[in-house]
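Chemist: My questions will all concern the structure given below.
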Amino acid sequence: MHDRLRRAGVIALVAVFTVYSYAPLLRAGFVGDDLATAVELGERVRAGTWPGAVGELYTLAQVEPRPVATLSLLVSSRLAAPDGKMDLGAARWLRGEGLLLLFLAALGLTGALRRSLAPWFGQDQARAAGIAAAVLFLLHPLCVSTVARIASRGDLLVVALGAWSLRLFLRGRQNEEYGYVAGACLIAMVAGGASRLAIFLPLLCAGMEYVSARRHRKRMVRARTALTTFVVFGVCVGLEWGARILFAPEGTAAFAPWRPTVDGHPVGLAETAALGVEKLGVLMLPVNTFGIGAIGYVFAGVAALLALHPGFVAARAAPRMWGRILLGWVVSIAATEGLEPALRVLPESLTGGHLLFAPALVMAVGFGISSTAISGARRSALPAAIGFFYALLAHGNAVPVEEASQGLAALRTRVFDEARRRGWDRDFLMIDPPHAIAGVDVIRPALPYLFAASFLPADAPPEAAQRRVRGSDLAAFRAFVREPEFTAWRAAGAVVLVPAGALPGSGEGTIAVELPAPEPSEGRMLWRETGRSPSGIVLEALRARSIRVVGLPSARTADAPVVRWSASSGVANIDEVTGAWLESPSGPVAIFDLEQSLDWLFADRVRSVWFTGALSLISSAQASPGPPALAGDPVPRIVGEDWLFDLGPEPPPAPALGEVSWILGVFDLEKLEYEELPLRVESEGRLRAVGVVPRVDEGTEHVWYLDYRVDGVTVARASGRRG
């Protein structure tokens, strides 16, 4: 009776800890890499057919090309979303299945560890160590990262299958029940098709054969049978490699369990070692500060001390055995970390934590064995205390996923509401989308998929899936408006979402601005004498982005020139821009770079423009699509990885006051990414931009801008295209 109550108490405690740890995930929608995976799964479900060839099981966005993992997600998606709509319910279903696989892995791990350790520790301690390790693995914060990411289904499958394969193998070898060994081999075959983590299974089975299956036999006999076990399970796991060579599409047939590169570029040994040390720190202190705060480091530190202290105490009585356990633990952590030696797991947010799923399993096993190394009530109390702290940390790692998904859901609702109000035939551009919500990079990766058919609401027409949502920062948007592609884009129907923070005085939230179709300005874009534009001139703000004013010779240039305007619309009521003064033989010249004002760009039709102060009377004023061209129209010459600009004999206009600077802007038209690089003045009339060539991808069209600025105002520009 006492044993039953204790068992029931353990089960109830584990259930409470597990529910608390993973509940936020089951309230969260798709985020991050999962969006691409969910879209493709939804498309395959709507297609209504199973893969017509084995090779199709090797292609699923963001998922490691393994047929068992892909097939598992396809079956799950048909059950979760039979109509192909990958909504919140589908996300809960798929993550719930991931949690179930993790639970099955923990059950298999319990038996496997009990059979592995019993010949050395006895049944009681081996059972306690198995249960403790399984529970700590189930509650490990890095396992939360893996369950949260549906694209990691293969890793969950291989750990669950591998744990049960090892459990059955040890039972068959210890009890001479060879049907269980055959079953373990069959499970290993399936595991090989789920994830590359399966490469560790032959090593584990061979190691357990040597140390636990028949530990009292002669060493050479154990070595021979261990080698045989390694070969047999290696063949079982390696069958998937043969299938890959035969059926996988080109580019996925290579067998590469280790990836020591990032985007094809090798990472140096010193950097790899530094990343390894950082990952070890993440394993020891798995704290997502965005979810639990800095107090999490205290919880993680206490948990580690509670787990390791009993092992050190036990090592005094049996230093040789515990020394071997420690060595095996360290080697196992290093080996599992080595699968992704060049990739980083961010310590403060655990971003990329799924990469440490296998090392987390090794860490949990080590903590489970160590924390149960002493007898008495502490053998149960210590793992329970560690589990409590791990549940707090795991919950703290799950909460940011929920918060990020809520932020994404709010954006999706905002976009869909605007589409309903303005029509579903609109493209959207979001300026300065947040890089992260609660440490999770969610908005930018999600933008291309907001109008995917898998995520469209029920009232959206099917053709809405052809629309796009893109994102750019404010500098990239200003560069975009200069190009003919922008004119064509807004002619097809476009809405810009602007965060209120980018518009002083505009309140909170996101402002939606529908861009008008291109329409020419009215009247001449040139006027004389008066500092206010004549009534017959109406400027289209998106095409009149610069104004050049020639002042009277007597105009004072002590204060910066100011232009103001009145328009048919606006977003922030900030209706003035400061310009820069240049010297000229005919009088001082003021240049106004109106691209710097979002209120001007979104003003639609500007019906009146006027200047204040020294420009109340002028010689002339002219609006144009951009600042004056640089004399000589310089173009870059490539010298190594640098660009050289020869400006020619005519010097640029001299400022009346203010600091001069040269800036090279590089704009990627496809990605809508803009970067500014400083230019070095090498000699009279020659500028060098260092390291430009690697920044300009081959095959991608880039626009470059050579800006001559006075106090940050672009007063002259040359531009061109590359790619």
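Labels for the structure tokens follow display order: chains A, B, ..., residues from 1 in each chain, ligands from 1.
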Tell me, counting only C-alpha atoms, for each residue of segment 679-701 of chain A within 6 Å of segment 632-646 of chain A, which pair of atoms is nearest and how far apart they are in Å to one decimal, in rows ordered by chain and increasing number, as CSV.
Modeler:
```
residue,atom,partner,partner_atom,distance
A:Gly685,CA,A:Asp646,CA,5.8
A:Arg686,CA,A:Asp646,CA,4.7
A:Leu687,CA,A:Phe645,CA,5.1
A:Arg688,CA,A:Leu644,CA,4.6
A:Ala689,CA,A:Trp643,CA,5.1
A:Val690,CA,A:Asp642,CA,4.7
A:Gly691,CA,A:Glu641,CA,5.0
A:Val692,CA,A:Asp642,CA,5.5
A:Val693,CA,A:Glu641,CA,4.9
```
Chemist: Output all heavy atoms for every residue in that selection, as a PDB file, in the first residue's frame.
Modeler:
```pdb
ATOM      1  N   GLY A 685      39.307  64.324 -55.080  1.00  0.00           N
ATOM      2  CA  GLY A 685      38.441  63.782 -56.120  1.00  0.00           C
ATOM      3  C   GLY A 685      38.368  62.272 -56.156  1.00  0.00           C
ATOM      4  O   GLY A 685      37.839  61.725 -57.134  1.00  0.00           O
ATOM      5  N   ARG A 686      38.867  61.540 -55.153  1.00  0.00           N
ATOM      6  CA  ARG A 686      38.783  60.071 -55.160  1.00  0.00           C
ATOM      7  C   ARG A 686      38.276  59.584 -53.812  1.00  0.00           C
ATOM      8  O   ARG A 686      38.766  59.996 -52.760  1.00  0.00           O
ATOM      9  CB  ARG A 686      40.133  59.446 -55.465  1.00  0.00           C
ATOM     10  CG  ARG A 686      40.134  57.924 -55.315  1.00  0.00           C
ATOM     11  CD  ARG A 686      41.401  57.303 -55.827  1.00  0.00           C
ATOM     12  NE  ARG A 686      41.504  57.417 -57.268  1.00  0.00           N
ATOM     13  CZ  ARG A 686      42.517  56.923 -57.978  1.00  0.00           C
ATOM     14  NH1 ARG A 686      43.523  56.313 -57.364  1.00  0.00           N
ATOM     15  NH2 ARG A 686      42.542  57.056 -59.282  1.00  0.00           N
ATOM     16  N   LEU A 687      37.290  58.677 -53.860  1.00  0.00           N
ATOM     17  CA  LEU A 687      36.691  58.092 -52.667  1.00  0.00           C
ATOM     18  C   LEU A 687      36.805  56.577 -52.731  1.00  0.00           C
ATOM     19  O   LEU A 687      36.712  55.981 -53.807  1.00  0.00           O
ATOM     20  CB  LEU A 687      35.213  58.484 -52.551  1.00  0.00           C
ATOM     21  CG  LEU A 687      34.873  59.984 -52.597  1.00  0.00           C
ATOM     22  CD1 LEU A 687      33.365  60.170 -52.670  1.00  0.00           C
ATOM     23  CD2 LEU A 687      35.431  60.677 -51.366  1.00  0.00           C
ATOM     24  N   ARG A 688      36.983  55.957 -51.566  1.00  0.00           N
ATOM     25  CA  ARG A 688      37.064  54.488 -51.497  1.00  0.00           C
ATOM     26  C   ARG A 688      36.035  53.976 -50.478  1.00  0.00           C
ATOM     27  O   ARG A 688      35.976  54.446 -49.343  1.00  0.00           O
ATOM     28  CB  ARG A 688      38.461  54.032 -51.078  1.00  0.00           C
ATOM     29  CG  ARG A 688      38.592  52.493 -50.958  1.00  0.00           C
ATOM     30  CD  ARG A 688      39.961  52.099 -50.445  1.00  0.00           C
ATOM     31  NE  ARG A 688      40.999  52.369 -51.423  1.00  0.00           N
ATOM     32  CZ  ARG A 688      41.408  51.491 -52.340  1.00  0.00           C
ATOM     33  NH1 ARG A 688      40.870  50.280 -52.388  1.00  0.00           N
ATOM     34  NH2 ARG A 688      42.365  51.822 -53.182  1.00  0.00           N
ATOM     35  N   ALA A 689      35.260  53.000 -50.916  1.00  0.00           N
ATOM     36  CA  ALA A 689      34.351  52.276 -50.020  1.00  0.00           C
ATOM     37  C   ALA A 689      34.944  50.893 -49.787  1.00  0.00           C
ATOM     38  O   ALA A 689      35.090  50.100 -50.727  1.00  0.00           O
ATOM     39  CB  ALA A 689      32.961  52.161 -50.632  1.00  0.00           C
ATOM     40  N   VAL A 690      35.303  50.598 -48.547  1.00  0.00           N
ATOM     41  CA  VAL A 690      36.029  49.375 -48.212  1.00  0.00           C
ATOM     42  C   VAL A 690      35.055  48.215 -48.012  1.00  0.00           C
ATOM     43  O   VAL A 690      34.045  48.339 -47.318  1.00  0.00           O
ATOM     44  CB  VAL A 690      36.873  49.582 -46.937  1.00  0.00           C
ATOM     45  CG1 VAL A 690      37.614  48.302 -46.567  1.00  0.00           C
ATOM     46  CG2 VAL A 690      37.851  50.739 -47.139  1.00  0.00           C
ATOM     47  N   GLY A 691      35.378  47.074 -48.645  1.00  0.00           N
ATOM     48  CA  GLY A 691      34.639  45.841 -48.403  1.00  0.00           C
ATOM     49  C   GLY A 691      33.238  45.809 -48.952  1.00  0.00           C
ATOM     50  O   GLY A 691      32.364  45.141 -48.397  1.00  0.00           O
ATOM     51  N   VAL A 692      32.978  46.482 -50.052  1.00  0.00           N
ATOM     52  CA  VAL A 692      31.627  46.514 -50.617  1.00  0.00           C
ATOM     53  C   VAL A 692      31.300  45.222 -51.352  1.00  0.00           C
ATOM     54  O   VAL A 692      30.183  44.704 -51.271  1.00  0.00           O
ATOM     55  CB  VAL A 692      31.460  47.716 -51.562  1.00  0.00           C
ATOM     56  CG1 VAL A 692      30.058  47.747 -52.145  1.00  0.00           C
ATOM     57  CG2 VAL A 692      31.763  49.003 -50.839  1.00  0.00           C
ATOM     58  N   VAL A 693      32.260  44.669 -52.077  1.00  0.00           N
ATOM     59  CA  VAL A 693      31.992  43.533 -52.961  1.00  0.00           C
ATOM     60  C   VAL A 693      31.365  42.353 -52.221  1.00  0.00           C
ATOM     61  O   VAL A 693      30.374  41.783 -52.689  1.00  0.00           O
ATOM     62  CB  VAL A 693      33.285  43.120 -53.694  1.00  0.00           C
ATOM     63  CG1 VAL A 693      33.058  41.843 -54.503  1.00  0.00           C
ATOM     64  CG2 VAL A 693      33.754  44.253 -54.610  1.00  0.00           C
TER      65      VAL A 693
END
```
Chemist: Need to verify the contact set: segment 474-479 of chain A, 10 Å, only C-alpha atoms, exclusion of same-chain residues closer than 2 positions in sequence. Can you return it as number ranges by chain?
Modeler: A: 429-433, 471-472, 481-483, 486, 496, 498, 502, 594-598, 601, 665-669, 671-676, 703-705
Chemist: For Thr413 of chain A, find every residue with an atom within 12 Å (counting only C-alpha atoms), except residues of its own chain fewer than 3 positions away, and show them as a PDB file with N, CA and C atoms, in the first residue's frame.
Modeler:
```pdb
ATOM      1  N   GLN A 406       1.173  35.507 -29.721  1.00  0.00           N
ATOM      2  CA  GLN A 406       0.110  36.488 -29.538  1.00  0.00           C
ATOM      3  C   GLN A 406       0.414  37.773 -30.298  1.00  0.00           C
ATOM      4  N   GLY A 407       1.693  38.192 -30.281  1.00  0.00           N
ATOM      5  CA  GLY A 407       2.070  39.365 -31.056  1.00  0.00           C
ATOM      6  C   GLY A 407       1.870  39.158 -32.545  1.00  0.00           C
ATOM      7  N   LEU A 408       2.202  37.960 -33.005  1.00  0.00           N
ATOM      8  CA  LEU A 408       2.000  37.646 -34.417  1.00  0.00           C
ATOM      9  C   LEU A 408       0.513  37.587 -34.751  1.00  0.00           C
ATOM     10  N   ALA A 409      -0.282  37.026 -33.856  1.00  0.00           N
ATOM     11  CA  ALA A 409      -1.728  36.966 -34.089  1.00  0.00           C
ATOM     12  C   ALA A 409      -2.324  38.364 -34.162  1.00  0.00           C
ATOM     13  N   ALA A 410      -1.832  39.282 -33.324  1.00  0.00           N
ATOM     14  CA  ALA A 410      -2.325  40.661 -33.364  1.00  0.00           C
ATOM     15  C   ALA A 410      -1.984  41.318 -34.698  1.00  0.00           C
ATOM     16  N   PHE A 416      -5.432  41.604 -41.705  1.00  0.00           N
ATOM     17  CA  PHE A 416      -6.675  41.092 -42.282  1.00  0.00           C
ATOM     18  C   PHE A 416      -7.804  42.112 -42.158  1.00  0.00           C
ATOM     19  N   ASP A 417      -7.834  42.852 -41.052  1.00  0.00           N
ATOM     20  CA  ASP A 417      -8.852  43.899 -40.916  1.00  0.00           C
ATOM     21  C   ASP A 417      -8.678  44.974 -41.981  1.00  0.00           C
ATOM     22  N   GLU A 418      -7.425  45.355 -42.239  1.00  0.00           N
ATOM     23  CA  GLU A 418      -7.174  46.350 -43.285  1.00  0.00           C
ATOM     24  C   GLU A 418      -7.528  45.790 -44.664  1.00  0.00           C
ATOM     25  N   ALA A 419      -7.249  44.502 -44.875  1.00  0.00           N
ATOM     26  CA  ALA A 419      -7.588  43.895 -46.162  1.00  0.00           C
ATOM     27  C   ALA A 419      -9.101  43.864 -46.358  1.00  0.00           C
ATOM     28  N   ARG A 420      -9.845  43.591 -45.301  1.00  0.00           N
ATOM     29  CA  ARG A 420     -11.307  43.595 -45.421  1.00  0.00           C
ATOM     30  C   ARG A 420     -11.817  45.007 -45.715  1.00  0.00           C
ATOM     31  N   LEU A 450       1.890  35.532 -44.218  1.00  0.00           N
ATOM     32  CA  LEU A 450       0.633  36.005 -43.653  1.00  0.00           C
ATOM     33  C   LEU A 450      -0.540  35.760 -44.594  1.00  0.00           C
ATOM     34  N   PHE A 451      -0.295  35.855 -45.906  1.00  0.00           N
ATOM     35  CA  PHE A 451      -1.367  35.642 -46.873  1.00  0.00           C
ATOM     36  C   PHE A 451      -1.297  34.252 -47.502  1.00  0.00           C
ATOM     37  N   PHE A 455      -3.153  30.080 -43.844  1.00  0.00           N
ATOM     38  CA  PHE A 455      -3.431  30.981 -42.734  1.00  0.00           C
ATOM     39  C   PHE A 455      -4.541  31.982 -43.028  1.00  0.00           C
ATOM     40  N   LEU A 456      -5.102  31.982 -44.225  1.00  0.00           N
ATOM     41  CA  LEU A 456      -6.133  32.956 -44.562  1.00  0.00           C
ATOM     42  C   LEU A 456      -7.413  32.683 -43.781  1.00  0.00           C
ATOM     43  N   PRO A 457      -8.127  33.746 -43.371  1.00  0.00           N
ATOM     44  CA  PRO A 457      -9.421  33.533 -42.702  1.00  0.00           C
ATOM     45  C   PRO A 457     -10.460  33.007 -43.683  1.00  0.00           C
ATOM     46  N   THR A 510      -0.200  50.796 -34.647  1.00  0.00           N
ATOM     47  CA  THR A 510       0.276  50.766 -36.030  1.00  0.00           C
ATOM     48  C   THR A 510      -0.673  51.565 -36.899  1.00  0.00           C
TER      49      THR A 510
END
```
Chemist: Let me make sure I understand: among A:Ile547, A:Leu285, A:Ile591, A:Val181, which one has the smallest atom-to-atom distance to Val302 of chain A if we use only C-alpha atoms?
Modeler: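 Smallest distance to Val302 of chain A is found for A:Leu285.
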Chemist: Residues at most 7 Å from segment 442-445 of chain A, counting only C-alpha atoms, excluding those fewer than 4 positions away in the same chain, as a list in words?
Modeler: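 Residues meeting the cut-off are Val31, Gly32, Ala404, Leu408, Pro433, Pro434, His435, Ala436, Ile437 and Gly471 of chain A.
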Chemist: Using the chain letters and numbers from this document, which residues of segment 320-464 of chain A does DSSP assign to helix (DSSP H, G or I), as a ChimeraX atom specification?
Modeler: /A:320-337,353-371,378-422,443-449,462-464
Chemist: Taking 3 positions as the minimum chain separation for residues in the same chain, which residues sit within 8 Å of Arg532 of chain A when counting only C-alpha atoms? Answer as number ranges by chain.
Modeler: A: 608-611, 616
Chemist: Between atom CA of Asp33 of chain A and atom CA of Ala91 of chain A, what distance in Å does the model show, to one decimal?
Modeler: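 Calculated distance between atom CA of Asp33 of chain A and atom CA of Ala91 of chain A is 12.9 Å.
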Chemist: Give me, as JSON, numbers by chain, all polymer residues having an atom no more than 10 Å from Phe290 of chain A, counting only C-alpha atoms and skipping those fewer than 3 positions away in the same chain.
Modeler: {"A": [287, 293, 294, 348, 349, 350, 396, 397, 399, 400, 437, 438, 439, 440]}
